[in-house]
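Asks: entry-v2.cif is reproduced below (mmCIF, N, CA and C atoms).
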data_final
#
loop_
_atom_site.label_atom_id
_atom_site.label_comp_id
_atom_site.auth_asym_id
_atom_site.auth_seq_id
_atom_site.Cartn_x
_atom_site.Cartn_y
_atom_site.Cartn_z
N MET A 1 155.58 163.69 80.19
CA MET A 1 156.34 163.25 79.05
C MET A 1 155.41 163.18 77.84
N LYS A 2 155.68 164.01 76.81
CA LYS A 2 154.87 164.04 75.61
C LYS A 2 155.16 162.82 74.75
N VAL A 3 154.12 162.18 74.25
CA VAL A 3 154.26 160.99 73.44
C VAL A 3 154.62 161.39 72.01
N THR A 4 155.68 160.78 71.47
CA THR A 4 156.11 161.07 70.11
C THR A 4 156.24 159.82 69.25
N ASP A 5 156.21 158.64 69.86
CA ASP A 5 156.33 157.39 69.13
C ASP A 5 155.11 157.20 68.20
N PRO A 6 155.33 157.03 66.89
CA PRO A 6 154.22 156.92 65.95
C PRO A 6 153.25 155.78 66.24
N GLU A 7 153.76 154.63 66.66
CA GLU A 7 152.88 153.50 66.97
C GLU A 7 152.01 153.79 68.18
N LYS A 8 152.60 154.36 69.20
CA LYS A 8 151.85 154.70 70.41
C LYS A 8 150.83 155.79 70.10
N LEU A 9 151.23 156.79 69.28
CA LEU A 9 150.30 157.85 68.89
C LEU A 9 149.11 157.28 68.14
N ALA A 10 149.34 156.33 67.25
CA ALA A 10 148.23 155.72 66.50
C ALA A 10 147.24 155.08 67.46
N LEU A 11 147.75 154.36 68.46
CA LEU A 11 146.88 153.74 69.46
C LEU A 11 146.13 154.80 70.28
N LEU A 12 146.82 155.87 70.62
CA LEU A 12 146.20 156.93 71.43
C LEU A 12 145.13 157.67 70.64
N TYR A 13 145.38 157.96 69.36
CA TYR A 13 144.34 158.62 68.55
C TYR A 13 143.11 157.72 68.44
N GLU A 14 143.30 156.43 68.27
CA GLU A 14 142.17 155.49 68.18
C GLU A 14 141.42 155.43 69.51
N ARG A 15 142.16 155.38 70.60
CA ARG A 15 141.53 155.33 71.93
C ARG A 15 140.78 156.64 72.21
N PHE A 16 141.37 157.76 71.83
CA PHE A 16 140.74 159.07 72.00
C PHE A 16 139.41 159.10 71.25
N LYS A 17 139.42 158.61 70.01
CA LYS A 17 138.18 158.55 69.21
C LYS A 17 137.13 157.72 69.92
N ASP A 18 137.52 156.53 70.37
CA ASP A 18 136.56 155.63 71.02
C ASP A 18 135.96 156.24 72.29
N VAL A 19 136.80 156.87 73.10
CA VAL A 19 136.32 157.48 74.35
C VAL A 19 135.36 158.64 74.05
N CYS A 20 135.71 159.47 73.06
CA CYS A 20 134.83 160.59 72.71
C CYS A 20 133.48 160.09 72.20
N LEU A 21 133.48 159.01 71.42
CA LEU A 21 132.22 158.48 70.90
C LEU A 21 131.35 157.92 72.02
N VAL A 22 131.96 157.23 72.96
CA VAL A 22 131.20 156.64 74.07
C VAL A 22 130.67 157.74 75.00
N GLU A 23 131.50 158.71 75.29
CA GLU A 23 131.11 159.75 76.25
C GLU A 23 130.36 160.92 75.60
N LYS A 24 130.33 160.95 74.26
CA LYS A 24 129.60 161.98 73.51
C LYS A 24 130.14 163.38 73.73
N GLU A 25 131.42 163.47 74.07
CA GLU A 25 132.09 164.77 74.21
C GLU A 25 133.60 164.56 74.12
N VAL A 26 134.32 165.64 73.85
CA VAL A 26 135.78 165.57 73.79
C VAL A 26 136.33 165.43 75.21
N TRP A 27 137.11 164.37 75.42
CA TRP A 27 137.67 164.11 76.74
C TRP A 27 139.10 164.61 76.83
N LYS A 28 139.49 165.08 78.00
CA LYS A 28 140.83 165.63 78.24
C LYS A 28 141.76 164.64 78.91
N GLU A 29 141.24 163.46 79.26
CA GLU A 29 142.07 162.42 79.88
C GLU A 29 141.61 161.08 79.35
N ILE A 30 142.56 160.26 78.95
CA ILE A 30 142.22 158.91 78.49
C ILE A 30 143.13 157.89 79.15
N PHE A 31 142.71 156.66 79.10
CA PHE A 31 143.47 155.55 79.66
C PHE A 31 143.78 154.58 78.53
N LEU A 32 144.95 153.99 78.54
CA LEU A 32 145.34 153.02 77.54
C LEU A 32 145.96 151.83 78.26
N PRO A 33 145.43 150.61 78.00
CA PRO A 33 146.04 149.44 78.64
C PRO A 33 147.52 149.33 78.27
N ARG A 34 148.31 148.97 79.21
CA ARG A 34 149.74 148.78 78.95
C ARG A 34 149.93 147.56 78.06
N ASP A 35 150.97 147.59 77.26
CA ASP A 35 151.30 146.48 76.37
C ASP A 35 150.12 146.07 75.50
N ALA A 36 149.47 147.04 74.89
CA ALA A 36 148.28 146.77 74.08
C ALA A 36 148.57 145.87 72.89
N GLY A 37 149.80 145.78 72.47
CA GLY A 37 150.13 144.95 71.31
C GLY A 37 150.75 143.62 71.65
N LYS A 38 150.75 143.21 72.89
CA LYS A 38 151.48 142.01 73.30
C LYS A 38 150.56 140.93 73.89
N GLY A 39 149.57 140.52 73.13
CA GLY A 39 148.74 139.42 73.59
C GLY A 39 147.75 139.83 74.66
N MET A 40 147.68 139.05 75.74
CA MET A 40 146.71 139.28 76.79
C MET A 40 146.92 140.64 77.46
N ILE A 41 145.83 141.34 77.69
CA ILE A 41 145.89 142.67 78.32
C ILE A 41 145.20 142.60 79.68
N LEU A 42 145.89 143.04 80.71
CA LEU A 42 145.28 143.14 82.03
C LEU A 42 144.62 144.50 82.12
N THR A 43 143.30 144.53 82.22
CA THR A 43 142.59 145.81 82.14
C THR A 43 142.81 146.70 83.36
N ASN A 44 143.29 146.13 84.46
CA ASN A 44 143.53 146.96 85.63
C ASN A 44 144.91 147.63 85.61
N VAL A 45 145.71 147.33 84.59
CA VAL A 45 147.03 147.93 84.45
C VAL A 45 146.98 148.89 83.27
N GLN A 46 146.82 150.18 83.56
CA GLN A 46 146.64 151.17 82.50
C GLN A 46 147.55 152.36 82.70
N ASP A 47 147.87 153.01 81.60
CA ASP A 47 148.58 154.27 81.63
C ASP A 47 147.56 155.38 81.43
N ARG A 48 147.79 156.51 82.09
CA ARG A 48 146.91 157.67 81.95
C ARG A 48 147.60 158.72 81.10
N TYR A 49 146.80 159.36 80.27
CA TYR A 49 147.32 160.42 79.39
C TYR A 49 146.41 161.63 79.45
N ASP A 50 147.02 162.80 79.52
CA ASP A 50 146.29 164.05 79.34
C ASP A 50 146.23 164.30 77.84
N VAL A 51 145.06 164.71 77.37
CA VAL A 51 144.89 165.07 75.97
C VAL A 51 145.01 166.59 75.88
N VAL A 52 145.91 167.05 75.01
CA VAL A 52 146.14 168.48 74.85
C VAL A 52 145.76 168.87 73.43
N ILE A 53 144.77 169.76 73.32
CA ILE A 53 144.35 170.29 72.02
C ILE A 53 144.70 171.77 72.04
N ASP A 54 145.59 172.18 71.13
CA ASP A 54 146.17 173.52 71.23
C ASP A 54 145.32 174.65 70.62
N ASP A 55 144.12 174.33 70.13
CA ASP A 55 143.27 175.36 69.53
C ASP A 55 141.81 175.07 69.88
N PRO A 56 141.14 176.00 70.56
CA PRO A 56 139.73 175.78 70.93
C PRO A 56 138.82 175.53 69.73
N ALA A 57 139.14 176.11 68.58
CA ALA A 57 138.32 175.90 67.38
C ALA A 57 138.40 174.45 66.92
N ILE A 58 139.57 173.83 67.06
CA ILE A 58 139.73 172.42 66.69
C ILE A 58 138.96 171.54 67.65
N GLU A 59 138.99 171.89 68.93
CA GLU A 59 138.20 171.13 69.91
C GLU A 59 136.72 171.21 69.55
N ASP A 60 136.25 172.39 69.17
CA ASP A 60 134.85 172.55 68.77
C ASP A 60 134.53 171.72 67.53
N THR A 61 135.46 171.68 66.58
CA THR A 61 135.26 170.88 65.37
C THR A 61 135.18 169.40 65.71
N LEU A 62 136.07 168.93 66.58
CA LEU A 62 136.02 167.52 67.00
C LEU A 62 134.70 167.22 67.69
N ASP A 63 134.28 168.13 68.56
CA ASP A 63 133.02 167.97 69.28
C ASP A 63 131.84 167.89 68.31
N ALA A 64 131.87 168.70 67.26
CA ALA A 64 130.79 168.71 66.27
C ALA A 64 130.75 167.42 65.45
N ASN A 65 131.89 166.74 65.34
CA ASN A 65 131.94 165.50 64.56
C ASN A 65 131.52 164.27 65.35
N ILE A 66 131.45 164.35 66.65
CA ILE A 66 131.08 163.19 67.47
C ILE A 66 129.71 162.65 67.10
N PRO A 67 128.66 163.49 66.98
CA PRO A 67 127.35 162.93 66.63
C PRO A 67 127.29 162.33 65.22
N LEU A 68 128.25 162.64 64.38
CA LEU A 68 128.26 162.14 63.00
C LEU A 68 128.83 160.73 62.90
N GLY A 69 129.41 160.22 63.99
CA GLY A 69 129.87 158.84 64.02
C GLY A 69 131.39 158.69 63.95
N GLY A 70 131.80 157.43 64.05
CA GLY A 70 133.21 157.09 64.16
C GLY A 70 134.05 157.49 62.96
N LYS A 71 133.54 157.28 61.74
CA LYS A 71 134.32 157.62 60.54
C LYS A 71 134.54 159.12 60.44
N SER A 72 133.53 159.88 60.74
CA SER A 72 133.63 161.34 60.67
C SER A 72 134.61 161.86 61.73
N LEU A 73 134.49 161.34 62.95
CA LEU A 73 135.39 161.76 64.02
C LEU A 73 136.82 161.33 63.72
N ALA A 74 137.00 160.12 63.21
CA ALA A 74 138.35 159.64 62.87
C ALA A 74 138.97 160.53 61.80
N ALA A 75 138.18 160.96 60.81
CA ALA A 75 138.70 161.84 59.76
C ALA A 75 139.11 163.20 60.34
N ALA A 76 138.31 163.72 61.27
CA ALA A 76 138.65 165.01 61.90
C ALA A 76 139.91 164.88 62.74
N ILE A 77 140.04 163.80 63.48
CA ILE A 77 141.25 163.57 64.29
C ILE A 77 142.47 163.46 63.37
N GLN A 78 142.32 162.73 62.27
CA GLN A 78 143.41 162.58 61.32
C GLN A 78 143.82 163.94 60.74
N GLN A 79 142.83 164.75 60.39
CA GLN A 79 143.11 166.06 59.80
C GLN A 79 143.83 166.99 60.77
N TYR A 80 143.47 166.92 62.05
CA TYR A 80 144.01 167.86 63.04
C TYR A 80 145.00 167.21 64.00
N ARG A 81 145.55 166.07 63.65
CA ARG A 81 146.40 165.32 64.57
C ARG A 81 147.61 166.10 65.07
N GLU A 82 148.12 167.06 64.26
CA GLU A 82 149.27 167.84 64.72
C GLU A 82 148.89 168.82 65.83
N HIS A 83 147.60 169.01 66.04
CA HIS A 83 147.13 169.91 67.11
C HIS A 83 146.65 169.13 68.34
N ILE A 84 146.68 167.81 68.27
CA ILE A 84 146.23 166.95 69.37
C ILE A 84 147.45 166.21 69.91
N GLY A 85 147.76 166.43 71.18
CA GLY A 85 148.91 165.79 71.79
C GLY A 85 148.50 164.98 73.02
N PHE A 86 149.38 164.12 73.43
CA PHE A 86 149.14 163.28 74.59
C PHE A 86 150.36 163.36 75.51
N ILE A 87 150.09 163.59 76.78
CA ILE A 87 151.15 163.66 77.78
C ILE A 87 150.88 162.55 78.80
N LYS A 88 151.84 161.65 78.93
CA LYS A 88 151.70 160.53 79.86
C LYS A 88 151.83 161.04 81.29
N LYS A 89 150.87 160.64 82.11
CA LYS A 89 150.91 160.98 83.54
C LYS A 89 151.76 159.95 84.28
N SER A 90 152.42 160.41 85.33
CA SER A 90 153.22 159.46 86.10
C SER A 90 152.40 158.75 87.14
#
Re-express the file's structure as structure tokens.
Replies:
Amino acid sequence: MKVTDPEKLALLYERFKDVCLVEKEVWKEIFLPRDAGKGMILTNVQDRYDVVIDDPAIEDTLDANIPLGGKSLAAAIQQYREHIGFIKKS
């Protein structure tokens, strides 16, 4: 199921940025705690998402921005967000 909700997408783009910065590479799978906006979060209850980037050149650009830091990577994700999708795993 492809994620289309703007609020959920905003959380997923932020999580994607954080995971890429920590792992120092573009990741194809991320985890997001359920009910991230509702107070206490149980970290063992997570949803899994496949990250789909529809253009290898954009993936390379994102990868090149990782060493430049969070602001640079966030700007690249924002610029190419229509090419970055998330599919929730069951």
Asks: Quote the spacing between atom N of Gly70 of chain A and atom CA of Tyr13 of chain A in Å to one decimal place.
Replies: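 According to the coordinates, atom N of Gly70 of chain A and atom CA of Tyr13 of chain A are separated by 13.4 Å.
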Asks: Please give the complete set of residues from chain A that DSSP, run on the backbone, assigns to strand (DSSP E or B), formatted as a PDB file with N, CA and C atoms, in the frame of the given file.
Replies:
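states.pdb, written as the output of this step:
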ATOM      1  N   LYS A   2     155.680 164.010  76.810  1.00  0.00           N
ATOM      2  CA  LYS A   2     154.870 164.040  75.610  1.00  0.00           C
ATOM      3  C   LYS A   2     155.160 162.820  74.750  1.00  0.00           C
ATOM      4  N   GLU A  29     141.240 163.460  79.260  1.00  0.00           N
ATOM      5  CA  GLU A  29     142.070 162.420  79.880  1.00  0.00           C
ATOM      6  C   GLU A  29     141.610 161.080  79.350  1.00  0.00           C
ATOM      7  N   ILE A  30     142.560 160.260  78.950  1.00  0.00           N
ATOM      8  CA  ILE A  30     142.220 158.910  78.490  1.00  0.00           C
ATOM      9  C   ILE A  30     143.130 157.890  79.150  1.00  0.00           C
ATOM     10  N   PHE A  31     142.710 156.660  79.100  1.00  0.00           N
ATOM     11  CA  PHE A  31     143.470 155.550  79.660  1.00  0.00           C
ATOM     12  C   PHE A  31     143.780 154.580  78.530  1.00  0.00           C
ATOM     13  N   LEU A  32     144.950 153.990  78.540  1.00  0.00           N
ATOM     14  CA  LEU A  32     145.340 153.020  77.540  1.00  0.00           C
ATOM     15  C   LEU A  32     145.960 151.830  78.260  1.00  0.00           C
ATOM     16  N   PRO A  33     145.430 150.610  78.000  1.00  0.00           N
ATOM     17  CA  PRO A  33     146.040 149.440  78.640  1.00  0.00           C
ATOM     18  C   PRO A  33     147.520 149.330  78.270  1.00  0.00           C
ATOM     19  N   GLN A  46     146.820 150.180  83.560  1.00  0.00           N
ATOM     20  CA  GLN A  46     146.640 151.170  82.500  1.00  0.00           C
ATOM     21  C   GLN A  46     147.550 152.360  82.700  1.00  0.00           C
ATOM     22  N   ASP A  47     147.870 153.010  81.600  1.00  0.00           N
ATOM     23  CA  ASP A  47     148.580 154.270  81.630  1.00  0.00           C
ATOM     24  C   ASP A  47     147.560 155.380  81.430  1.00  0.00           C
ATOM     25  N   ARG A  48     147.790 156.510  82.090  1.00  0.00           N
ATOM     26  CA  ARG A  48     146.910 157.670  81.950  1.00  0.00           C
ATOM     27  C   ARG A  48     147.600 158.720  81.100  1.00  0.00           C
ATOM     28  N   TYR A  49     146.800 159.360  80.270  1.00  0.00           N
ATOM     29  CA  TYR A  49     147.320 160.420  79.390  1.00  0.00           C
ATOM     30  C   TYR A  49     146.410 161.630  79.450  1.00  0.00           C
ATOM     31  N   ASP A  50     147.020 162.800  79.520  1.00  0.00           N
ATOM     32  CA  ASP A  50     146.290 164.050  79.340  1.00  0.00           C
ATOM     33  C   ASP A  50     146.230 164.300  77.840  1.00  0.00           C
ATOM     34  N   VAL A  51     145.060 164.710  77.370  1.00  0.00           N
ATOM     35  CA  VAL A  51     144.890 165.070  75.970  1.00  0.00           C
ATOM     36  C   VAL A  51     145.010 166.590  75.880  1.00  0.00           C
ATOM     37  N   VAL A  52     145.910 167.050  75.010  1.00  0.00           N
ATOM     38  CA  VAL A  52     146.140 168.480  74.850  1.00  0.00           C
ATOM     39  C   VAL A  52     145.760 168.870  73.430  1.00  0.00           C
ATOM     40  N   ILE A  53     144.770 169.760  73.320  1.00  0.00           N
ATOM     41  CA  ILE A  53     144.350 170.290  72.020  1.00  0.00           C
ATOM     42  C   ILE A  53     144.700 171.770  72.040  1.00  0.00           C
ATOM     43  N   ILE A  84     146.680 167.810  68.270  1.00  0.00           N
ATOM     44  CA  ILE A  84     146.230 166.950  69.370  1.00  0.00           C
ATOM     45  C   ILE A  84     147.450 166.210  69.910  1.00  0.00           C
ATOM     46  N   GLY A  85     147.760 166.430  71.180  1.00  0.00           N
ATOM     47  CA  GLY A  85     148.910 165.790  71.790  1.00  0.00           C
ATOM     48  C   GLY A  85     148.500 164.980  73.020  1.00  0.00           C
ATOM     49  N   PHE A  86     149.380 164.120  73.430  1.00  0.00           N
ATOM     50  CA  PHE A  86     149.140 163.280  74.590  1.00  0.00           C
ATOM     51  C   PHE A  86     150.360 163.360  75.510  1.00  0.00           C
ATOM     52  N   ILE A  87     150.090 163.590  76.780  1.00  0.00           N
ATOM     53  CA  ILE A  87     151.150 163.660  77.780  1.00  0.00           C
ATOM     54  C   ILE A  87     150.880 162.550  78.800  1.00  0.00           C
ATOM     55  N   LYS A  88     151.840 161.650  78.930  1.00  0.00           N
ATOM     56  CA  LYS A  88     151.700 160.530  79.860  1.00  0.00           C
ATOM     57  C   LYS A  88     151.830 161.040  81.290  1.00  0.00           C
TER      58      LYS A  88
END
Asks: Using only N, CA and C atoms, give me every residue within 6 Å of (150.7, 158.1, 83.8) in file coordinates, as a CSV table (one decimal) with N, CA and C atoms, in the frame of the given file.
Replies:
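Writing done, so here's part-v9.csv:
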chain,number,residue,atom,x,y,z
A,47,ASP,N,147.9,153.0,81.6
A,47,ASP,CA,148.6,154.3,81.6
A,47,ASP,C,147.6,155.4,81.4
A,48,ARG,N,147.8,156.5,82.1
A,48,ARG,CA,146.9,157.7,82.0
A,48,ARG,C,147.6,158.7,81.1
A,49,TYR,N,146.8,159.4,80.3
A,49,TYR,CA,147.3,160.4,79.4
A,49,TYR,C,146.4,161.6,79.4
A,88,LYS,N,151.8,161.6,78.9
A,88,LYS,CA,151.7,160.5,79.9
A,88,LYS,C,151.8,161.0,81.3
A,89,LYS,N,150.9,160.6,82.1
A,89,LYS,CA,150.9,161.0,83.5
A,89,LYS,C,151.8,160.0,84.3
A,90,SER,N,152.4,160.4,85.3
A,90,SER,CA,153.2,159.5,86.1
A,90,SER,C,152.4,158.8,87.1
Asks: For Ile77 of chain A, which of A:Met1, A:Val45, A:Leu9, A:Pro33 is the closest residue, counting only C-alpha atoms?
Replies: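 Nearest candidate to Ile77 of chain A out of A:Met1, A:Val45, A:Leu9, A:Pro33: A:Leu9.
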Asks: When you look at Thr4 of chain A with a cut-off of 10 Å (counting only C-alpha atoms), what residues show up, excluding the ones that are within fewer than 2 positions of it in the same chain? I need them as a PDB file with N, CA and C atoms, keeping the file's coordinate frame.
Replies:
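File produced: result33.pdb:
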ATOM      1  N   MET A   1     155.580 163.690  80.190  1.00  0.00           N
ATOM      2  CA  MET A   1     156.340 163.250  79.050  1.00  0.00           C
ATOM      3  C   MET A   1     155.410 163.180  77.840  1.00  0.00           C
ATOM      4  N   LYS A   2     155.680 164.010  76.810  1.00  0.00           N
ATOM      5  CA  LYS A   2     154.870 164.040  75.610  1.00  0.00           C
ATOM      6  C   LYS A   2     155.160 162.820  74.750  1.00  0.00           C
ATOM      7  N   PRO A   6     155.330 157.030  66.890  1.00  0.00           N
ATOM      8  CA  PRO A   6     154.220 156.920  65.950  1.00  0.00           C
ATOM      9  C   PRO A   6     153.250 155.780  66.240  1.00  0.00           C
ATOM     10  N   GLU A   7     153.760 154.630  66.660  1.00  0.00           N
ATOM     11  CA  GLU A   7     152.880 153.500  66.970  1.00  0.00           C
ATOM     12  C   GLU A   7     152.010 153.790  68.180  1.00  0.00           C
ATOM     13  N   LYS A   8     152.600 154.360  69.200  1.00  0.00           N
ATOM     14  CA  LYS A   8     151.850 154.700  70.410  1.00  0.00           C
ATOM     15  C   LYS A   8     150.830 155.790  70.100  1.00  0.00           C
ATOM     16  N   LEU A   9     151.230 156.790  69.280  1.00  0.00           N
ATOM     17  CA  LEU A   9     150.300 157.850  68.890  1.00  0.00           C
ATOM     18  C   LEU A   9     149.110 157.280  68.140  1.00  0.00           C
ATOM     19  N   GLY A  85     147.760 166.430  71.180  1.00  0.00           N
ATOM     20  CA  GLY A  85     148.910 165.790  71.790  1.00  0.00           C
ATOM     21  C   GLY A  85     148.500 164.980  73.020  1.00  0.00           C
ATOM     22  N   PHE A  86     149.380 164.120  73.430  1.00  0.00           N
ATOM     23  CA  PHE A  86     149.140 163.280  74.590  1.00  0.00           C
ATOM     24  C   PHE A  86     150.360 163.360  75.510  1.00  0.00           C
ATOM     25  N   ILE A  87     150.090 163.590  76.780  1.00  0.00           N
ATOM     26  CA  ILE A  87     151.150 163.660  77.780  1.00  0.00           C
ATOM     27  C   ILE A  87     150.880 162.550  78.800  1.00  0.00           C
TER      28      ILE A  87
END
Asks: Atom CA of Arg34 of chain A and atom N of Leu11 of chain A are how many Å apart?
Replies: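 Rounded to one decimal, the two atoms are 12.0 Å apart.
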